[in-house]
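J.: Could you have a look at this structure, given as structure tokens, before my questions?
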Amino acid sequence: MSLLRISAEQWYRVEKLSDEVRLISEPWIRPFYRCNIWHVRGSERDALIDSGMGVVSLREQVPLVSERALTAIASHTHFDHIGCHHEFNERIVHRHEQQLLAAPTRSNTLADPYVTDDIFTALPPIPYCSADYFVRSAPATRIVEDGDVIDLGNRRLEVIHTPGHSPGGIALWEAARGILFSGDIVYDGPLIEDAYHSNVPDYVRSMKRLLTLPVHVVHGGHFPSFGRKRHRAIIRAWLERH
């Protein structure tokens with residue numbers, strides 16, 4: 001049975017949370033593959049943490065992302081997180097994945113084997129075809145390392161290098177508000193530690209580091225956000241198994 005096609009205008013959903021944070025999502029992608037795209041408003045500029053699959057233009061369909069100066073940040077370079085990065089003039093990635101952002105392929109972004117019609121509940125508009133899907137090149141304009149700060153004016157996002165899920169994975173820590181944008185290293189769902197470039201010993205070290213943060217809320221790369229108690233429970237349960 002073929003899936004329905006959804007119009008470009010219906011592809012994205014925007015939800016305003018507290019602290020001038022908005023969640024942009026692609027509701028027609030099944031939850032396990034559906035990236036959380038985080039828009040963070042600063043006094044001088046905005047940040048976009050991840051950009052989804054790229055099957056429909058973010059800039060054309062979500063005016064929020066083109067209202068002000070904005071930096072697109074890649075928590076890591078899997079297909080579901082960097083699909084629209086090419087639409088933005090300023091792009092940040094950790095140095096260990098700068099080559100992936102500049103020269104993505106179906107294999108190095110994990111589009112192969114995951115991108116099939118099965119990951120959707122409804123398909124993007126024509127001419128989208130899962131067999132022809134690819135991520136466009138989006139060379140970084142800034143390379144970051146652990147401890148670097150992304151300054152939005154009244155907000156400062158500290159880069160925490162979190163290898164394990166992928167070698168250049170990063171989380172962003174806003175200490176003043178206790179907000180952690182955790183990417184795919186920790187979220188409230190099945191965590192992936194067996195991708196082609198995952199590394200379990202690195203993952204353990206990253207989890208132990210994040211466990212110590214005095215978080216108020218965690219906005220992960222997938223699934224709903226959660227608080228400190230759940231954050232610690234997820235990490236402790238994972239560490240017990242490893």
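Here, A, B, ... name the chains of the structure tokens in the order displayed, residue numbers run from 1 inside each chain, and ligands are numbered from 1 in the same displayed order.
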Using DSSP assignments from the backbone, pull out every residue in region 1-200 of chain A that falls under alpha helix (DSSP H) and give it to me as a PyMOL selection string.
T.: chain A and resi 58-61+79-82+98-102+111-114+200
J.: Restricting the output to N, CA and C atoms, write the selected residues as an mmCIF file, in the first residue's frame.
T.:
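Generated file (again-v8.cif):
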data_model
loop_
_atom_site.group_PDB
_atom_site.id
_atom_site.type_symbol
_atom_site.label_atom_id
_atom_site.label_comp_id
_atom_site.auth_asym_id
_atom_site.auth_seq_id
_atom_site.Cartn_x
_atom_site.Cartn_y
_atom_site.Cartn_z
ATOM 1 N N LEU A 58 13.610 24.081 4.977
ATOM 2 C CA LEU A 58 13.299 24.755 6.235
ATOM 3 C C LEU A 58 13.110 26.247 6.024
ATOM 4 N N ARG A 59 13.992 26.856 5.257
ATOM 5 C CA ARG A 59 13.931 28.311 5.073
ATOM 6 C C ARG A 59 12.638 28.738 4.372
ATOM 7 N N GLU A 60 12.143 27.917 3.474
ATOM 8 C CA GLU A 60 10.925 28.279 2.763
ATOM 9 C C GLU A 60 9.668 28.041 3.580
ATOM 10 N N GLN A 61 9.672 27.025 4.437
ATOM 11 C CA GLN A 61 8.446 26.618 5.124
ATOM 12 C C GLN A 61 8.377 27.029 6.592
ATOM 13 N N PHE A 79 22.235 11.656 8.700
ATOM 14 C CA PHE A 79 21.338 12.248 7.702
ATOM 15 C C PHE A 79 20.161 12.992 8.298
ATOM 16 N N ASP A 80 19.627 12.483 9.403
ATOM 17 C CA ASP A 80 18.418 13.075 9.976
ATOM 18 C C ASP A 80 18.674 14.374 10.712
ATOM 19 N N HIS A 81 19.942 14.770 10.823
ATOM 20 C CA HIS A 81 20.306 15.967 11.592
ATOM 21 C C HIS A 81 20.894 17.097 10.745
ATOM 22 N N ILE A 82 21.294 16.840 9.524
ATOM 23 C CA ILE A 82 22.005 17.879 8.752
ATOM 24 C C ILE A 82 21.421 18.127 7.365
ATOM 25 N N GLN A 98 33.976 17.431 10.372
ATOM 26 C CA GLN A 98 33.921 18.489 9.365
ATOM 27 C C GLN A 98 33.963 17.926 7.952
ATOM 28 N N GLN A 99 34.696 16.827 7.741
ATOM 29 C CA GLN A 99 34.762 16.237 6.409
ATOM 30 C C GLN A 99 33.422 15.604 6.017
ATOM 31 N N LEU A 100 32.726 15.052 6.990
ATOM 32 C CA LEU A 100 31.421 14.463 6.707
ATOM 33 C C LEU A 100 30.410 15.533 6.306
ATOM 34 N N LEU A 101 30.449 16.682 6.969
ATOM 35 C CA LEU A 101 29.523 17.757 6.626
ATOM 36 C C LEU A 101 29.834 18.309 5.235
ATOM 37 N N ALA A 102 31.104 18.335 4.884
ATOM 38 C CA ALA A 102 31.517 18.868 3.582
ATOM 39 C C ALA A 102 31.299 17.867 2.446
ATOM 40 N N ALA A 111 22.311 7.332 5.773
ATOM 41 C CA ALA A 111 21.117 7.267 4.930
ATOM 42 C C ALA A 111 20.963 5.861 4.350
ATOM 43 N N ASP A 112 22.079 5.239 4.039
ATOM 44 C CA ASP A 112 22.101 3.836 3.661
ATOM 45 C C ASP A 112 22.556 3.053 4.894
ATOM 46 N N PRO A 113 21.719 2.255 5.510
ATOM 47 C CA PRO A 113 20.529 1.604 4.968
ATOM 48 C C PRO A 113 19.186 2.159 5.463
ATOM 49 N N TYR A 114 19.197 3.235 6.252
ATOM 50 C CA TYR A 114 17.977 3.598 6.983
ATOM 51 C C TYR A 114 16.909 4.309 6.160
ATOM 52 N N VAL A 200 32.026 2.434 22.014
ATOM 53 C CA VAL A 200 31.428 2.273 23.336
ATOM 54 C C VAL A 200 32.298 2.860 24.449
#
J.: Find the spatial neighbours of His231 (chain A), counting only C-alpha atoms, within a cut-off of 10 Å - ignore same-chain residues fewer than 2 positions away - and output them as number ranges by chain.
T.: A: 186-188, 210-211, 213, 215-218, 225-229, 233-236
J.: What are the DSSP strand (DSSP E) residues of chain A, as a ChimeraX atom specification?
T.: /A:13-16,21-25,37-41,46-49,70-73,91-94,142-144,149-151,156-161,170-174,179-183,217-220,226-227
J.: When you look at region 153-158 of chain A with a cut-off of 7 Å (counting only C-alpha atoms), what residues show up, excluding the ones that are within fewer than 4 positions of it in the same chain? I need them as a list in words.
T.: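 Counting only the stated atoms, we get Gly42, Ser43, Glu44, Arg45, Gly147, Asp148, Val149, Leu172, Trp173 and Glu174 of chain A.
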J.: Atoms to include: C-alpha atoms. Write the selected residues as a PDB file, in the first residue's frame.
T.:
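selection-v1.pdb, written as the output of this step:
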ATOM      1  CA  GLY A  42      19.331  35.098  21.432  1.00  0.00           C
ATOM      2  CA  SER A  43      19.452  38.870  21.810  1.00  0.00           C
ATOM      3  CA  GLU A  44      21.946  39.287  18.965  1.00  0.00           C
ATOM      4  CA  ARG A  45      21.488  36.145  16.870  1.00  0.00           C
ATOM      5  CA  GLY A 147      34.965  24.105  25.695  1.00  0.00           C
ATOM      6  CA  ASP A 148      34.299  26.547  22.862  1.00  0.00           C
ATOM      7  CA  VAL A 149      31.400  28.960  23.325  1.00  0.00           C
ATOM      8  CA  LEU A 172      25.511  22.300  24.034  1.00  0.00           C
ATOM      9  CA  TRP A 173      25.321  23.425  27.656  1.00  0.00           C
ATOM     10  CA  GLU A 174      23.661  26.668  28.697  1.00  0.00           C
TER      11      GLU A 174
END
J.: Could you tell me which of A:Ala138, A:Ile126, A:Val115, A:Ala103 comes closest to His86 (chain A) if we count only C-alpha atoms?
T.: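 Going through A:Ala138, A:Ile126, A:Val115, A:Ala103 one by one, the smallest distance to His86 (chain A) is for A:Ala138.
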J.: Identify which of the residues A:Lys208, A:His85, A:His76, A:Arg30 lies closest to Glu240 (chain A), counting only C-alpha atoms when measuring atom-to-atom distances.
T.: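 Closest residue, counting only C-alpha atoms: A:Lys208.
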J.: Which residues are close to Ala74 (chain A), i.e. within 9 Å by only C-alpha atoms, leaving aside same-chain residues fewer than 3 positions away? Reply as number ranges by chain.
T.: A: 48-51, 77, 81-82, 85, 91-94, 101, 169-170, 183
J.: A:Gly168, A:Pro124, A:Gly54, A:Pro224: which is nearest Leu3 (chain A), counting only C-alpha atoms?
T.: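 Checking each candidate against Leu3 (chain A), we get A:Pro124 as the closest.
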J.: Which residues come within 7 Å of Ser198 (chain A), counting only C-alpha atoms, excluding same-chain residues fewer than 6 positions away, as number ranges by chain?
T.: A: 164-167
